[in-house]
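What follows is a short report on a single structure.
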Amino acid sequence: MKEKAKIRKAVYIAVMWCILASVLLGCRKSNVESYASAEEAKQAMSQCRIFLVEGDLDEVNQEGNILADGKIAGRLKETGILNTKWTVSVDGKTWFWMKFVTDEPINNIDGVIAGTTYGYYDENNQCLGYAQKRLFENENLEREYYLVFMDADGNLKDYLAEERGEELYDYEGNQIGSGKADLKGYIGEKCYFEIDTETGVSVDAVDKMAMYLQLFSKFNETAGD
């Protein structure tokens, strides 16, 4: 009888430790739903109101789920250190990838003062468009950088972001979205990056990823302060 009591006690302690670890470390299996098809997931990432990318500041290269309105739609994987590449996959297959662009015509447009430029490419390495920091004058005639978005021919889309990715505007100056970054929980460096757009506003997923890169860059610099 004493032996059985010891076994029951050991099992009880093990169960309690498992419950405690699940609460503190978030190790319980995720019950977040996924989209039923790849096409539905891709459409959702552009049309959703809340676009969220998971992250981990302890990792040199980021890898995590991308959620559209609370459902898993894709996955981000960052590779490389000097020639960094960010790949977004849906249902295990590459949808598009991004890189820094330094030697394409988009980097040398007459009359444009530009900074960081990202290029977007499909799985066959065909260009899908660009995001680029450009210097503009605001309504107070102060000069500051904004992140503009373009198609593959360099034509501007009808929205632009504050350079850190924290605010999204149309070209009439109306704010149509915002971005934020924060830690998840109280243990470790798990984090998330969320882009929230106004109802009815559609922003291409590639452009939301460019905003994510700006949000991550700033947050990674300041989260430990």
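Every chain in the structure tokens takes a letter, A first, then B, and so on in the order presented; its residues are numbered from 1, and the ligands are numbered from 1 following the presented order.
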
List every residue of range 129-162 of chain A that has an atom at most 7 Å from any atom of range 170-191 of chain A, and for each one report the closest atom pair and its distance in Å to one decimal, counting only C-alpha atoms, with rows sorted by chain and then by increasing residue number, as JSON lines.
```
{"residue": "A:Asp158", "atom": "CA", "partner": "A:Asp170", "partner_atom": "CA", "distance": 6.0}
{"residue": "A:Tyr159", "atom": "CA", "partner": "A:Asp170", "partner_atom": "CA", "distance": 4.3}
{"residue": "A:Leu160", "atom": "CA", "partner": "A:Asp170", "partner_atom": "CA", "distance": 6.3}
```

Please report, as a tab-separated table, each residue of range 89-195 of chain A lying at most 10 Å from range 65-82 of chain A, together with the nearest pair of atoms and the separation in Å rounded to one decimal; use only C-alpha atoms, and order rows by chain and ascending residue number.
```
residue	atom	partner	partner_atom	distance
A:Ser89	CA	A:Arg75	CA	5.3
A:Val90	CA	A:Gly74	CA	4.5
A:Asp91	CA	A:Gly74	CA	6.9
A:Gly92	CA	A:Arg75	CA	8.2
A:Lys93	CA	A:Gly74	CA	9.4
A:Thr94	CA	A:Arg75	CA	9.4
A:Trp95	CA	A:Gly74	CA	9.0
A:Trp97	CA	A:Leu76	CA	9.3
A:Met98	CA	A:Glu78	CA	9.5
A:Tyr192	CA	A:Ile66	CA	9.7
A:Phe193	CA	A:Ile66	CA	9.6
A:Glu194	CA	A:Leu67	CA	9.3
A:Ile195	CA	A:Ala68	CA	9.9
```

Set out as a tab-separated table a contact list for range 126-215 of chain A and range 31-46 of chain A with a cut-off of 8 Å, giving each residue of range 126-215 of chain A that qualifies its closest atom pair and distance in Å to one decimal, counting only C-alpha atoms, ordered by chain and rising residue number.
```
residue	atom	partner	partner_atom	distance
A:Ser202	CA	A:Ser46	CA	5.9
A:Val203	CA	A:Ser46	CA	5.3
A:Asp204	CA	A:Ser46	CA	4.7
A:Ala205	CA	A:Ser46	CA	4.7
```

Do a neighbour search on Met150 in chain A at 6 Å with only C-alpha atoms, toss out local chain neighbours closer than 2 positions, and write the hits as a compact mmCIF listing (two decimals) with N, CA and C atoms, in the first residue's frame.
```txt
# COMPACT_ATOMS: atom_id res chain seq x y z
N GLY A 129 7.63 43.86 -56.60
CA GLY A 129 7.53 45.25 -56.19
C GLY A 129 8.61 45.63 -55.20
N TYR A 130 8.44 46.82 -54.60
CA TYR A 130 9.47 47.36 -53.71
C TYR A 130 8.83 48.15 -52.57
N GLY A 154 7.81 50.23 -60.43
CA GLY A 154 8.16 51.43 -59.68
C GLY A 154 7.03 52.41 -59.48
N ASN A 155 5.80 52.03 -59.85
CA ASN A 155 4.64 52.90 -59.65
C ASN A 155 4.21 52.87 -58.18
N LEU A 156 3.98 54.06 -57.61
CA LEU A 156 3.59 54.14 -56.21
C LEU A 156 2.20 53.58 -55.98
N LYS A 157 2.05 52.84 -54.88
CA LYS A 157 0.72 52.41 -54.46
C LYS A 157 0.08 53.56 -53.69
```

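Picture a line from CA of Asp207 in chain A to CA of Gly165 in chain A; it runs 10.2 Å.
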
remark   = Shortest contact to Phe100 in chain A, candidates A:Val53, A:Ala223, A:Ala131, A:Cys48, atoms counted only C-alpha atoms, goes to A:Ala131

ask   = Which value, in Å to one decimal, gives the distance between CA of Asn61 in chain A and CA of Thr84 in chain A?
value = 8.9 Å
